[in-house]
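One structure is given here, and the rest of the page talks about it.
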Amino acid sequence: MSNIRTAAGGSALLVAVLVFALNLRTPITSLPPVMSDVAAGLGLDQTLAGLLVGIPALCFSVVAPAASTLIARVGPYAAVTVALVGVIVGTLIRSAGTGTVGVVAAFAGTVVLGSAITVGNVVVPVIIARDFPARTALATGLYSSTMNLGSVFATSLTAPLAALLGWRGAIASWAIVAVVALVVWKITTRHLVDRPAPAHAPPPAERPEETWAGVLRRPITWVLTVAFAGQSFSYFAVTAWLPELLRDLLGVSVTTAGNAAAPFQGLAIAGSVLVPLALAARVPMRGAAVVMALLWVSLPAGLLLAPQWWLLWVSLAGVAQGGNFVVIFTVVAQRCRTVAQTRRTVAAVQAFGYAVAATAPAVIGAVHVASGGWTAALVVMLGSTLALGTAELAATRRRGPTRP
């Protein structure tokens with residue numbers, strides 16, 4: 001009976017994590033569909049409006065170490081509560097006010113949102129590694145799938161909501177999803193023990209490999225950072241420039257180019273599910289990593305060699321961006337021994353990786369302008385996907401006895 005209760009409790013916790021994960025991308029992806037309305041409503045030029053999308057990625061990097069410290073102090077479950085409250089508050093602030101007050105509110109709310117989502121980005125892999133040690137790949141796959149599902153919902157529904165409620169009401173309405181997640185989370189975890197550090201107590205003794213210095217000395221931390229940087233740089237580059245690239249290379253319509261984001265975002269769900277299924281079928285992690293890396297490489301390579309098949313390359317890359325996320329953070333969970341080591345490794349990988357990723361739209365745009373075409377920009381993207389694949393090969397190589 002106790003085993004049945006434990007299994008039921010674990011399933012309920014996983015469902016609560018997934019409902020939480022719905023909120024880790026929707027506040028970001030709900031903005032681009034109404035960006036022109038937001039810019040007009042707040043009197044922003046294109047550059048300043050673009051910052052509202054770019055600031056969260058910068059927060060993912062800058063705030064990650066502080067998020068790790070918060071999780072250590074209050075415990076992972078309480079950190080999820082903090083993140084959800086931050087998402088609700090940030091979403092509402094971002095859509096409040098007009099004129100100068102509205103501009104300040106939009107940027108302040110975006111910073112609050114980015115910081116809150118950063119806590120979520122760090123804490124979910126920690127909870128998965130700690131509470132689902134036998135199902136890390138499955139739980140990570142479901143987590144990644146749910147985030148991408150949230151992106152698809154936000155991208156598809158925000159514009160119709162704006163037609164009914166105006167852009168402010170449309171982006172504010174996504175706070176409802178966070179409120180539901182908060183209720184589900186509090187009900188699910190009300191009897192679970194989180195064991196945060198006692199207030200005003202000295203920090204517990206940590207083994208050398210659990211400290212920041214110990215984590216940053218581990219080669220696997222830097223290998224996974226390169227992999228995540230390549231993954232995230234490629235993702236942000238494609239998200240920012242794919243529609244314009246397709247219009248320039250192939251002369252497709254604005255509508256077709258805009259719809260190209262659908263298979264890229266939507267098929268990430270398939271990749272997030274396929275990797276755990278492959279691992280459950282005894283496919284080696286290295287085999288899954290190689291396949292996902294090759295699918296990512298196919299996008300810039302395919303657009304360079306056979307751009308007329310763009311839909312195939314975009315679809316394969318969509319599968320890859322979901323599957324590689326699972327590979328990277330499953331390896332993090334497998335290669336870390338303790339919660340403290342996992343927490344700091346996730347924070348380090350995301351801090352450095354997202355710092356690189358935040359430069360992607362600007363770098364690709366600058367290379368495009370400087371070269372007068374897309375070939376050089378695609379070569380840069382090819383380099384980032386090859387770096388991802390090479391790092392994943394190193395991270396998944398056969399190991400000898402485990403060392404700190």
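Residues in the structure tokens are numbered from 1 in each chain, the chains being A, B, ... in the order shown, and ligands are numbered from 1 in the order shown.
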
If we count only C-alpha atoms, what is near Ala351 (chain A) at a cut-off of 8 Å, once residues fewer than 6 positions away on the same chain are taken out, given as a compact mmCIF listing (two decimals) with N, CA and C atoms, in the first residue's frame?
# COMPACT_ATOMS: atom_id res chain seq x y z
N PHE A 60 18.03 34.93 -17.84
CA PHE A 60 18.34 33.51 -17.68
C PHE A 60 19.82 33.30 -17.36
N SER A 61 20.66 34.16 -17.91
CA SER A 61 22.09 34.05 -17.64
C SER A 61 22.48 34.73 -16.34
N VAL A 62 22.11 36.00 -16.19
CA VAL A 62 22.60 36.81 -15.06
C VAL A 62 22.02 36.33 -13.73
N VAL A 63 20.77 35.91 -13.73
CA VAL A 63 20.08 35.60 -12.48
C VAL A 63 20.29 34.14 -12.05
N ALA A 64 20.82 33.29 -12.92
CA ALA A 64 20.92 31.86 -12.60
C ALA A 64 21.70 31.58 -11.30
N PRO A 65 22.87 32.19 -11.05
CA PRO A 65 23.55 31.92 -9.77
C PRO A 65 22.72 32.33 -8.56

Discussion item. Set the distance at 6 Å and use only C-alpha atoms: which residues neighbour region 261-276 of chain A once local chain neighbours fewer than 4 positions away are removed? I'd like the list as number ranges by chain.
Written reply: A: 137-138, 141, 144-145, 314-315, 318-323

Tell me which protein, DNA and RNA residues are within 12 Å of Ile55 (chain A), counting only C-alpha atoms, leaving out same-chain ones fewer than 4 positions away, and put them as a short mmCIF file (atom, residue, chain, number, x, y, z; two decimals) with all heavy atoms, in the first residue's frame.
data_model
loop_
_atom_site.label_atom_id
_atom_site.label_comp_id
_atom_site.auth_asym_id
_atom_site.auth_seq_id
_atom_site.Cartn_x
_atom_site.Cartn_y
_atom_site.Cartn_z
N ILE A 28 6.93 34.70 -22.49
CA ILE A 28 7.87 35.20 -23.49
C ILE A 28 7.28 35.11 -24.88
O ILE A 28 7.28 36.07 -25.66
CB ILE A 28 9.19 34.42 -23.42
CG1 ILE A 28 9.80 34.55 -22.02
CG2 ILE A 28 10.18 34.91 -24.48
CD1 ILE A 28 10.97 33.62 -21.78
N LEU A 48 13.73 49.01 -29.21
CA LEU A 48 13.26 48.94 -27.82
C LEU A 48 12.19 47.86 -27.65
O LEU A 48 12.17 47.15 -26.64
CB LEU A 48 12.71 50.29 -27.38
CG LEU A 48 13.75 51.38 -27.13
CD1 LEU A 48 13.07 52.71 -26.82
CD2 LEU A 48 14.68 50.98 -25.98
N ALA A 49 11.32 47.73 -28.64
CA ALA A 49 10.31 46.67 -28.56
C ALA A 49 10.97 45.30 -28.55
O ALA A 49 10.56 44.39 -27.81
CB ALA A 49 9.35 46.79 -29.74
N GLY A 50 12.03 45.13 -29.36
CA GLY A 50 12.73 43.86 -29.38
C GLY A 50 13.37 43.51 -28.05
O GLY A 50 13.51 42.34 -27.69
N LEU A 51 13.76 44.55 -27.28
CA LEU A 51 14.36 44.30 -25.97
C LEU A 51 13.39 43.58 -25.03
O LEU A 51 13.81 42.83 -24.14
CB LEU A 51 14.81 45.61 -25.33
CG LEU A 51 16.15 46.17 -25.78
CD1 LEU A 51 16.40 47.52 -25.12
CD2 LEU A 51 17.28 45.20 -25.45
N CYS A 59 18.26 37.64 -18.50
CA CYS A 59 17.97 37.25 -17.10
C CYS A 59 18.33 35.79 -16.86
O CYS A 59 18.84 35.45 -15.79
CB CYS A 59 16.51 37.49 -16.78
SG CYS A 59 16.01 39.22 -16.65
N PHE A 60 18.03 34.93 -17.84
CA PHE A 60 18.34 33.51 -17.68
C PHE A 60 19.82 33.30 -17.36
O PHE A 60 20.18 32.37 -16.65
CB PHE A 60 18.01 32.74 -18.96
CG PHE A 60 16.54 32.68 -19.31
CD1 PHE A 60 16.14 32.22 -20.55
CD2 PHE A 60 15.58 33.09 -18.41
CE1 PHE A 60 14.80 32.17 -20.89
CE2 PHE A 60 14.23 33.04 -18.74
CZ PHE A 60 13.84 32.59 -19.99
N SER A 61 20.66 34.16 -17.91
CA SER A 61 22.09 34.05 -17.64
C SER A 61 22.48 34.73 -16.34
O SER A 61 23.08 34.12 -15.45
CB SER A 61 22.88 34.68 -18.80
OG SER A 61 24.25 34.77 -18.49
N VAL A 62 22.11 36.00 -16.19
CA VAL A 62 22.60 36.81 -15.06
C VAL A 62 22.02 36.33 -13.73
O VAL A 62 22.72 36.33 -12.70
CB VAL A 62 22.25 38.29 -15.31
CG1 VAL A 62 22.60 39.15 -14.09
CG2 VAL A 62 22.97 38.81 -16.54
N VAL A 63 20.77 35.91 -13.73
CA VAL A 63 20.08 35.60 -12.48
C VAL A 63 20.29 34.14 -12.05
O VAL A 63 20.00 33.78 -10.90
CB VAL A 63 18.57 35.92 -12.61
CG1 VAL A 63 17.81 35.64 -11.33
CG2 VAL A 63 18.38 37.40 -12.99
N ALA A 106 6.33 48.05 -18.51
CA ALA A 106 6.61 46.96 -19.44
C ALA A 106 8.01 46.39 -19.21
O ALA A 106 8.19 45.17 -19.15
CB ALA A 106 6.47 47.44 -20.88
N PHE A 107 8.99 47.27 -19.05
CA PHE A 107 10.35 46.79 -18.86
C PHE A 107 10.55 46.22 -17.46
O PHE A 107 11.22 45.19 -17.28
CB PHE A 107 11.35 47.91 -19.14
CG PHE A 107 11.58 48.13 -20.60
CD1 PHE A 107 10.86 49.09 -21.31
CD2 PHE A 107 12.50 47.36 -21.30
CE1 PHE A 107 11.06 49.28 -22.68
CE2 PHE A 107 12.70 47.54 -22.67
CZ PHE A 107 11.98 48.50 -23.35
N ALA A 108 9.96 46.86 -16.44
CA ALA A 108 10.08 46.34 -15.08
C ALA A 108 9.41 44.97 -14.97
O ALA A 108 9.96 44.03 -14.36
CB ALA A 108 9.45 47.32 -14.08
N GLY A 109 8.21 44.85 -15.53
CA GLY A 109 7.52 43.57 -15.50
C GLY A 109 8.28 42.48 -16.23
O GLY A 109 8.31 41.33 -15.80
N THR A 110 8.94 42.86 -17.34
CA THR A 110 9.72 41.88 -18.09
C THR A 110 10.91 41.39 -17.28
O THR A 110 11.25 40.20 -17.31
CB THR A 110 10.20 42.50 -19.42
OG1 THR A 110 9.06 42.88 -20.20
CG2 THR A 110 11.03 41.51 -20.22
N VAL A 111 11.55 42.28 -16.53
CA VAL A 111 12.67 41.87 -15.68
C VAL A 111 12.19 40.93 -14.57
O VAL A 111 12.83 39.91 -14.27
CB VAL A 111 13.38 43.10 -15.07
CG1 VAL A 111 14.40 42.68 -14.01
CG2 VAL A 111 14.07 43.90 -16.17
N VAL A 112 11.05 41.26 -13.96
CA VAL A 112 10.48 40.38 -12.93
C VAL A 112 10.16 39.02 -13.53
O VAL A 112 10.47 37.97 -12.94
CB VAL A 112 9.22 41.02 -12.32
CG1 VAL A 112 8.52 40.03 -11.38
CG2 VAL A 112 9.58 42.30 -11.56
N LEU A 113 9.53 39.03 -14.71
CA LEU A 113 9.20 37.77 -15.39
C LEU A 113 10.46 36.95 -15.68
O LEU A 113 10.51 35.75 -15.40
CB LEU A 113 8.50 38.07 -16.72
CG LEU A 113 6.99 38.15 -16.73
CD1 LEU A 113 6.52 38.59 -18.11
CD2 LEU A 113 6.38 36.82 -16.36
N GLY A 114 11.46 37.61 -16.28
CA GLY A 114 12.69 36.89 -16.63
C GLY A 114 13.36 36.29 -15.41
O GLY A 114 13.85 35.15 -15.45
N SER A 115 13.38 37.04 -14.31
CA SER A 115 14.00 36.54 -13.08
C SER A 115 13.22 35.37 -12.51
O SER A 115 13.81 34.36 -12.07
CB SER A 115 14.09 37.67 -12.05
OG SER A 115 14.85 38.76 -12.55
N ILE A 117 11.23 33.28 -14.15
CA ILE A 117 11.37 32.12 -15.02
C ILE A 117 12.75 31.49 -14.86
O ILE A 117 12.90 30.27 -14.95
CB ILE A 117 11.10 32.52 -16.49
CG1 ILE A 117 9.62 32.89 -16.66
CG2 ILE A 117 11.44 31.37 -17.44
CD1 ILE A 117 9.29 33.48 -18.02
N THR A 118 13.77 32.32 -14.58
CA THR A 118 15.11 31.78 -14.34
C THR A 118 15.11 30.84 -13.14
O THR A 118 15.73 29.77 -13.18
CB THR A 118 16.11 32.92 -14.10
OG1 THR A 118 16.10 33.80 -15.21
CG2 THR A 118 17.52 32.37 -13.92
N TYR A 354 23.17 30.66 -21.63
CA TYR A 354 22.24 31.71 -22.04
C TYR A 354 22.95 33.03 -22.32
O TYR A 354 22.46 33.86 -23.10
CB TYR A 354 21.15 31.91 -20.98
CG TYR A 354 20.02 30.91 -21.09
CD1 TYR A 354 19.67 30.11 -20.00
CD2 TYR A 354 19.30 30.76 -22.27
CE1 TYR A 354 18.62 29.20 -20.09
CE2 TYR A 354 18.26 29.85 -22.37
CZ TYR A 354 17.93 29.07 -21.28
OH TYR A 354 16.90 28.16 -21.37
N ALA A 355 24.11 33.27 -21.69
CA ALA A 355 24.88 34.47 -22.01
C ALA A 355 25.30 34.45 -23.48
O ALA A 355 25.24 35.46 -24.18
CB ALA A 355 26.11 34.57 -21.10
N ALA A 357 23.74 32.60 -25.78
CA ALA A 357 22.50 32.58 -26.57
C ALA A 357 21.91 33.97 -26.75
O ALA A 357 21.34 34.29 -27.80
CB ALA A 357 21.47 31.67 -25.90
N ALA A 358 22.05 34.82 -25.72
CA ALA A 358 21.46 36.16 -25.80
C ALA A 358 22.08 37.00 -26.91
O ALA A 358 21.46 37.96 -27.38
CB ALA A 358 21.63 36.87 -24.46
N THR A 359 23.28 36.62 -27.35
CA THR A 359 23.93 37.37 -28.43
C THR A 359 23.49 36.91 -29.82
O THR A 359 23.80 37.58 -30.82
CB THR A 359 25.47 37.21 -28.36
OG1 THR A 359 25.83 35.85 -28.69
CG2 THR A 359 25.99 37.55 -26.96
#

Discussion item. At a cut-off of 9 Å, using only C-alpha atoms, what residues contact Gly230 (chain A)? Leave out same-chain residues fewer than 5 positions from it and give the result as JSON, numbers by chain.
Written reply: {"A": [225, 235, 353, 356, 357, 381, 383, 384, 385, 386, 387, 388, 389, 391]}

Could the residues in this selection be written to a file with all heavy atoms, as a PDB file, in the first residue's frame?
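Contents of part19.pdb, freshly written:
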ATOM      1  N   THR A 225      28.151  22.968 -20.804  1.00  0.00           N
ATOM      2  CA  THR A 225      27.924  24.388 -21.071  1.00  0.00           C
ATOM      3  C   THR A 225      28.077  24.687 -22.554  1.00  0.00           C
ATOM      4  O   THR A 225      27.271  25.421 -23.151  1.00  0.00           O
ATOM      5  CB  THR A 225      28.904  25.247 -20.254  1.00  0.00           C
ATOM      6  OG1 THR A 225      28.629  25.073 -18.856  1.00  0.00           O
ATOM      7  CG2 THR A 225      28.767  26.715 -20.604  1.00  0.00           C
ATOM      8  N   TYR A 235      18.869  28.041 -31.262  1.00  0.00           N
ATOM      9  CA  TYR A 235      17.428  28.241 -31.070  1.00  0.00           C
ATOM     10  C   TYR A 235      17.046  29.710 -31.211  1.00  0.00           C
ATOM     11  O   TYR A 235      16.103  30.061 -31.932  1.00  0.00           O
ATOM     12  CB  TYR A 235      17.003  27.721 -29.694  1.00  0.00           C
ATOM     13  CG  TYR A 235      15.566  28.035 -29.358  1.00  0.00           C
ATOM     14  CD1 TYR A 235      14.537  27.232 -29.825  1.00  0.00           C
ATOM     15  CD2 TYR A 235      15.241  29.147 -28.583  1.00  0.00           C
ATOM     16  CE1 TYR A 235      13.208  27.537 -29.533  1.00  0.00           C
ATOM     17  CE2 TYR A 235      13.930  29.457 -28.294  1.00  0.00           C
ATOM     18  CZ  TYR A 235      12.920  28.646 -28.764  1.00  0.00           C
ATOM     19  OH  TYR A 235      11.617  28.955 -28.481  1.00  0.00           O
ATOM     20  N   GLY A 353      25.589  29.395 -20.782  1.00  0.00           N
ATOM     21  CA  GLY A 353      24.940  29.054 -22.048  1.00  0.00           C
ATOM     22  C   GLY A 353      24.002  30.131 -22.539  1.00  0.00           C
ATOM     23  O   GLY A 353      24.024  30.512 -23.719  1.00  0.00           O
ATOM     24  N   VAL A 356      25.723  33.280 -23.947  1.00  0.00           N
ATOM     25  CA  VAL A 356      26.065  33.135 -25.364  1.00  0.00           C
ATOM     26  C   VAL A 356      24.809  33.248 -26.224  1.00  0.00           C
ATOM     27  O   VAL A 356      24.792  33.931 -27.254  1.00  0.00           O
ATOM     28  CB  VAL A 356      26.773  31.782 -25.602  1.00  0.00           C
ATOM     29  CG1 VAL A 356      26.984  31.543 -27.105  1.00  0.00           C
ATOM     30  CG2 VAL A 356      28.107  31.745 -24.873  1.00  0.00           C
ATOM     31  N   ALA A 357      23.737  32.596 -25.784  1.00  0.00           N
ATOM     32  CA  ALA A 357      22.497  32.578 -26.575  1.00  0.00           C
ATOM     33  C   ALA A 357      21.913  33.967 -26.753  1.00  0.00           C
ATOM     34  O   ALA A 357      21.335  34.285 -27.804  1.00  0.00           O
ATOM     35  CB  ALA A 357      21.472  31.667 -25.904  1.00  0.00           C
ATOM     36  N   MET A 381      25.688  29.697 -37.903  1.00  0.00           N
ATOM     37  CA  MET A 381      24.740  28.772 -37.279  1.00  0.00           C
ATOM     38  C   MET A 381      25.212  27.329 -37.408  1.00  0.00           C
ATOM     39  O   MET A 381      25.035  26.518 -36.478  1.00  0.00           O
ATOM     40  CB  MET A 381      23.362  28.941 -37.915  1.00  0.00           C
ATOM     41  CG  MET A 381      22.687  30.249 -37.541  1.00  0.00           C
ATOM     42  SD  MET A 381      21.173  30.557 -38.489  1.00  0.00           S
ATOM     43  CE  MET A 381      20.229  29.102 -38.087  1.00  0.00           C
ATOM     44  N   GLY A 383      28.296  26.407 -37.405  1.00  0.00           N
ATOM     45  CA  GLY A 383      29.326  26.265 -36.383  1.00  0.00           C
ATOM     46  C   GLY A 383      28.741  26.032 -35.000  1.00  0.00           C
ATOM     47  O   GLY A 383      29.253  25.210 -34.228  1.00  0.00           O
ATOM     48  N   SER A 384      27.652  26.726 -34.671  1.00  0.00           N
ATOM     49  CA  SER A 384      27.050  26.551 -33.345  1.00  0.00           C
ATOM     50  C   SER A 384      26.442  25.160 -33.187  1.00  0.00           C
ATOM     51  O   SER A 384      26.537  24.546 -32.117  1.00  0.00           O
ATOM     52  CB  SER A 384      25.991  27.630 -33.091  1.00  0.00           C
ATOM     53  OG  SER A 384      24.842  27.442 -33.891  1.00  0.00           O
ATOM     54  N   THR A 385      25.826  24.621 -34.240  1.00  0.00           N
ATOM     55  CA  THR A 385      25.256  23.276 -34.149  1.00  0.00           C
ATOM     56  C   THR A 385      26.352  22.209 -34.112  1.00  0.00           C
ATOM     57  O   THR A 385      26.205  21.193 -33.424  1.00  0.00           O
ATOM     58  CB  THR A 385      24.291  23.006 -35.320  1.00  0.00           C
ATOM     59  OG1 THR A 385      24.964  23.212 -36.561  1.00  0.00           O
ATOM     60  CG2 THR A 385      23.078  23.914 -35.253  1.00  0.00           C
ATOM     61  N   LEU A 386      27.456  22.439 -34.824  1.00  0.00           N
ATOM     62  CA  LEU A 386      28.576  21.492 -34.762  1.00  0.00           C
ATOM     63  C   LEU A 386      29.229  21.508 -33.385  1.00  0.00           C
ATOM     64  O   LEU A 386      29.645  20.457 -32.878  1.00  0.00           O
ATOM     65  CB  LEU A 386      29.610  21.826 -35.850  1.00  0.00           C
ATOM     66  CG  LEU A 386      29.189  21.512 -37.288  1.00  0.00           C
ATOM     67  CD1 LEU A 386      30.226  22.057 -38.273  1.00  0.00           C
ATOM     68  CD2 LEU A 386      29.006  20.001 -37.488  1.00  0.00           C
ATOM     69  N   ALA A 387      29.321  22.695 -32.770  1.00  0.00           N
ATOM     70  CA  ALA A 387      29.851  22.780 -31.409  1.00  0.00           C
ATOM     71  C   ALA A 387      28.962  22.007 -30.447  1.00  0.00           C
ATOM     72  O   ALA A 387      29.448  21.286 -29.552  1.00  0.00           O
ATOM     73  CB  ALA A 387      29.960  24.243 -30.982  1.00  0.00           C
ATOM     74  N   LEU A 388      27.653  22.141 -30.621  1.00  0.00           N
ATOM     75  CA  LEU A 388      26.694  21.383 -29.808  1.00  0.00           C
ATOM     76  C   LEU A 388      26.942  19.882 -29.952  1.00  0.00           C
ATOM     77  O   LEU A 388      27.060  19.152 -28.955  1.00  0.00           O
ATOM     78  CB  LEU A 388      25.280  21.736 -30.241  1.00  0.00           C
ATOM     79  CG  LEU A 388      24.147  20.746 -29.919  1.00  0.00           C
ATOM     80  CD1 LEU A 388      23.947  20.645 -28.429  1.00  0.00           C
ATOM     81  CD2 LEU A 388      22.864  21.160 -30.623  1.00  0.00           C
ATOM     82  N   GLY A 389      27.017  19.402 -31.189  1.00  0.00           N
ATOM     83  CA  GLY A 389      27.197  17.971 -31.412  1.00  0.00           C
ATOM     84  C   GLY A 389      28.511  17.451 -30.877  1.00  0.00           C
ATOM     85  O   GLY A 389      28.559  16.372 -30.257  1.00  0.00           O
ATOM     86  N   ALA A 391      30.309  18.682 -28.393  1.00  0.00           N
ATOM     87  CA  ALA A 391      30.262  18.682 -26.929  1.00  0.00           C
ATOM     88  C   ALA A 391      29.413  17.524 -26.411  1.00  0.00           C
ATOM     89  O   ALA A 391      29.761  16.881 -25.400  1.00  0.00           O
ATOM     90  CB  ALA A 391      29.711  20.014 -26.430  1.00  0.00           C
TER      91      ALA A 391
END

Contacts of Gly75 (chain A) at 12 Å (only C-alpha atoms; same-chain gap of 2+ positions) as a CSV table (one decimal) with N, CA, C and O atoms, in the first residue's frame:
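Output file out-v7.csv follows:
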chain,number,residue,atom,x,y,z
A,67,ALA,N,19.5,32.4,-8.5
A,67,ALA,CA,18.4,31.4,-8.4
A,67,ALA,C,18.9,30.2,-7.7
A,67,ALA,O,18.1,29.6,-6.8
A,68,SER,N,20.1,29.8,-7.9
A,68,SER,CA,20.7,28.6,-7.2
A,68,SER,C,20.7,28.8,-5.7
A,68,SER,O,20.4,28.0,-4.9
A,69,THR,N,21.2,30.0,-5.3
A,69,THR,CA,21.3,30.4,-3.9
A,69,THR,C,19.9,30.4,-3.3
A,69,THR,O,19.7,29.9,-2.1
A,70,LEU,N,18.9,31.0,-4.0
A,70,LEU,CA,17.5,31.0,-3.4
A,70,LEU,C,17.0,29.6,-3.2
A,70,LEU,O,16.4,29.3,-2.2
A,71,ILE,N,17.2,28.7,-4.2
A,71,ILE,CA,16.8,27.3,-4.0
A,71,ILE,C,17.4,26.7,-2.8
A,71,ILE,O,16.8,25.9,-2.1
A,72,ALA,N,18.7,26.9,-2.6
A,72,ALA,CA,19.4,26.3,-1.4
A,72,ALA,C,18.8,26.9,-0.1
A,72,ALA,O,18.7,26.1,0.8
A,73,ARG,N,18.4,28.1,-0.1
A,73,ARG,CA,17.9,28.8,1.1
A,73,ARG,C,16.5,28.3,1.4
A,73,ARG,O,16.2,28.0,2.6
A,77,TYR,N,10.8,23.2,-3.5
A,77,TYR,CA,9.4,23.4,-3.6
A,77,TYR,C,8.9,24.8,-3.3
A,77,TYR,O,8.1,25.4,-4.1
A,78,ALA,N,9.5,25.4,-2.3
A,78,ALA,CA,9.2,26.9,-2.1
A,78,ALA,C,9.7,27.7,-3.2
A,78,ALA,O,9.1,28.8,-3.5
A,79,ALA,N,10.8,27.4,-3.8
A,79,ALA,CA,11.3,28.2,-4.9
A,79,ALA,C,10.3,28.2,-6.1
A,79,ALA,O,10.2,29.2,-6.8
A,80,VAL,N,9.7,27.0,-6.3
A,80,VAL,CA,8.6,27.0,-7.4
A,80,VAL,C,7.5,28.0,-7.1
A,80,VAL,O,7.0,28.7,-7.9
A,81,THR,N,7.1,28.1,-5.8
A,81,THR,CA,6.1,29.1,-5.4
A,81,THR,C,6.6,30.5,-5.7
A,81,THR,O,5.8,31.3,-6.2
A,82,VAL,N,7.8,30.8,-5.3
A,82,VAL,CA,8.4,32.1,-5.6
A,82,VAL,C,8.3,32.4,-7.1
A,82,VAL,O,8.0,33.5,-7.5
A,119,VAL,N,14.4,31.2,-12.1
A,119,VAL,CA,14.3,30.3,-10.9
A,119,VAL,C,13.7,29.0,-11.4
A,119,VAL,O,14.1,27.9,-11.0
A,123,VAL,N,15.3,25.3,-11.1
A,123,VAL,CA,14.7,24.4,-10.0
A,123,VAL,C,14.1,23.1,-10.6
A,123,VAL,O,14.2,22.1,-9.9
A,124,VAL,N,13.5,23.2,-11.8
A,124,VAL,CA,12.9,22.0,-12.3
A,124,VAL,C,13.9,20.8,-12.5
A,124,VAL,O,13.6,19.7,-12.1
A,126,VAL,N,16.5,20.3,-10.9
A,126,VAL,CA,16.9,19.9,-9.5
A,126,VAL,C,15.9,19.0,-9.0
A,126,VAL,O,16.2,17.9,-8.4
A,127,ILE,N,14.6,19.4,-9.1
A,127,ILE,CA,13.5,18.5,-8.6
A,127,ILE,C,13.5,17.2,-9.3
A,127,ILE,O,13.3,16.1,-8.7
A,130,ARG,N,16.3,15.0,-8.1
A,130,ARG,CA,16.2,14.6,-6.7
A,130,ARG,C,15.0,13.7,-6.5
A,130,ARG,O,15.1,12.6,-5.8
A,192,LEU,N,4.5,17.6,1.5
A,192,LEU,CA,5.8,17.1,1.2
A,192,LEU,C,6.9,17.9,1.9
A,192,LEU,O,6.7,19.2,2.2
A,193,VAL,N,7.9,17.3,2.4
A,193,VAL,CA,9.0,17.9,3.1
A,193,VAL,C,10.0,18.5,2.1
A,193,VAL,O,10.5,17.7,1.3
A,194,ASP,N,10.4,19.7,2.3
A,194,ASP,CA,11.3,20.4,1.4
A,194,ASP,C,12.7,20.5,2.0
A,194,ASP,O,13.7,20.6,1.3
A,195,ARG,N,12.8,20.6,3.3
A,195,ARG,CA,14.1,20.7,4.0
A,195,ARG,C,15.0,21.8,3.5
A,195,ARG,O,16.1,21.6,3.1
A,196,PRO,N,14.5,23.1,3.6
A,196,PRO,CA,15.4,24.2,3.3
A,196,PRO,C,16.4,24.4,4.4
A,196,PRO,O,16.2,23.9,5.5
A,197,ALA,N,17.4,25.3,4.2
A,197,ALA,CA,18.3,25.6,5.2
A,197,ALA,C,17.6,26.5,6.3
A,197,ALA,O,16.9,27.4,6.0
A,198,PRO,N,17.9,26.2,7.6
A,198,PRO,CA,17.2,27.0,8.6
A,198,PRO,C,17.7,28.5,8.5
A,198,PRO,O,18.8,28.8,8.2
A,199,ALA,N,16.7,29.4,8.9
A,199,ALA,CA,17.1,30.8,8.8
A,199,ALA,C,18.2,31.1,9.8
A,199,ALA,O,18.2,30.6,10.9
A,339,VAL,N,22.1,16.9,-4.6
A,339,VAL,CA,21.2,18.0,-5.0
A,339,VAL,C,22.1,19.3,-5.1
A,339,VAL,O,21.8,20.0,-6.1
A,340,ALA,N,23.0,19.5,-4.2
A,340,ALA,CA,23.8,20.7,-4.3
A,340,ALA,C,24.6,20.8,-5.6
A,340,ALA,O,24.7,21.8,-6.2
A,343,ARG,N,22.2,21.4,-8.5
A,343,ARG,CA,21.7,22.8,-8.5
A,343,ARG,C,22.8,23.7,-9.1
A,343,ARG,O,22.5,24.6,-9.9

Discussion item. As a ChimeraX atom specification, please: the residues near Arg335 (chain A) (cut-off 9 Å, only C-alpha atoms, same-chain neighbours under 4 positions excluded).
Written reply: /A:220,330-331,342,402

Discussion item. My list of candidates is A:Ile93, A:Glu392, A:Asn23, A:Ile364. Which is closest to Val380 (chain A) when distances are computed with only C-alpha atoms?
Written reply: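 Looking at the shortest contact to Val380 (chain A), the residue is A:Ile364.
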
Discussion item. Calculated over only C-alpha atoms, which of the candidates A:Ala116, A:Leu182, A:Leu312, A:Val177 has the smallest distance to Ala83 (chain A)?
Written reply: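 Of A:Ala116, A:Leu182, A:Leu312, A:Val177, the one nearest Ala83 (chain A) is A:Ala116, counting only C-alpha atoms.
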
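Take CA of Val326 (chain A) and CA of Ala139 (chain A): the distance between them is 9.1 Å.
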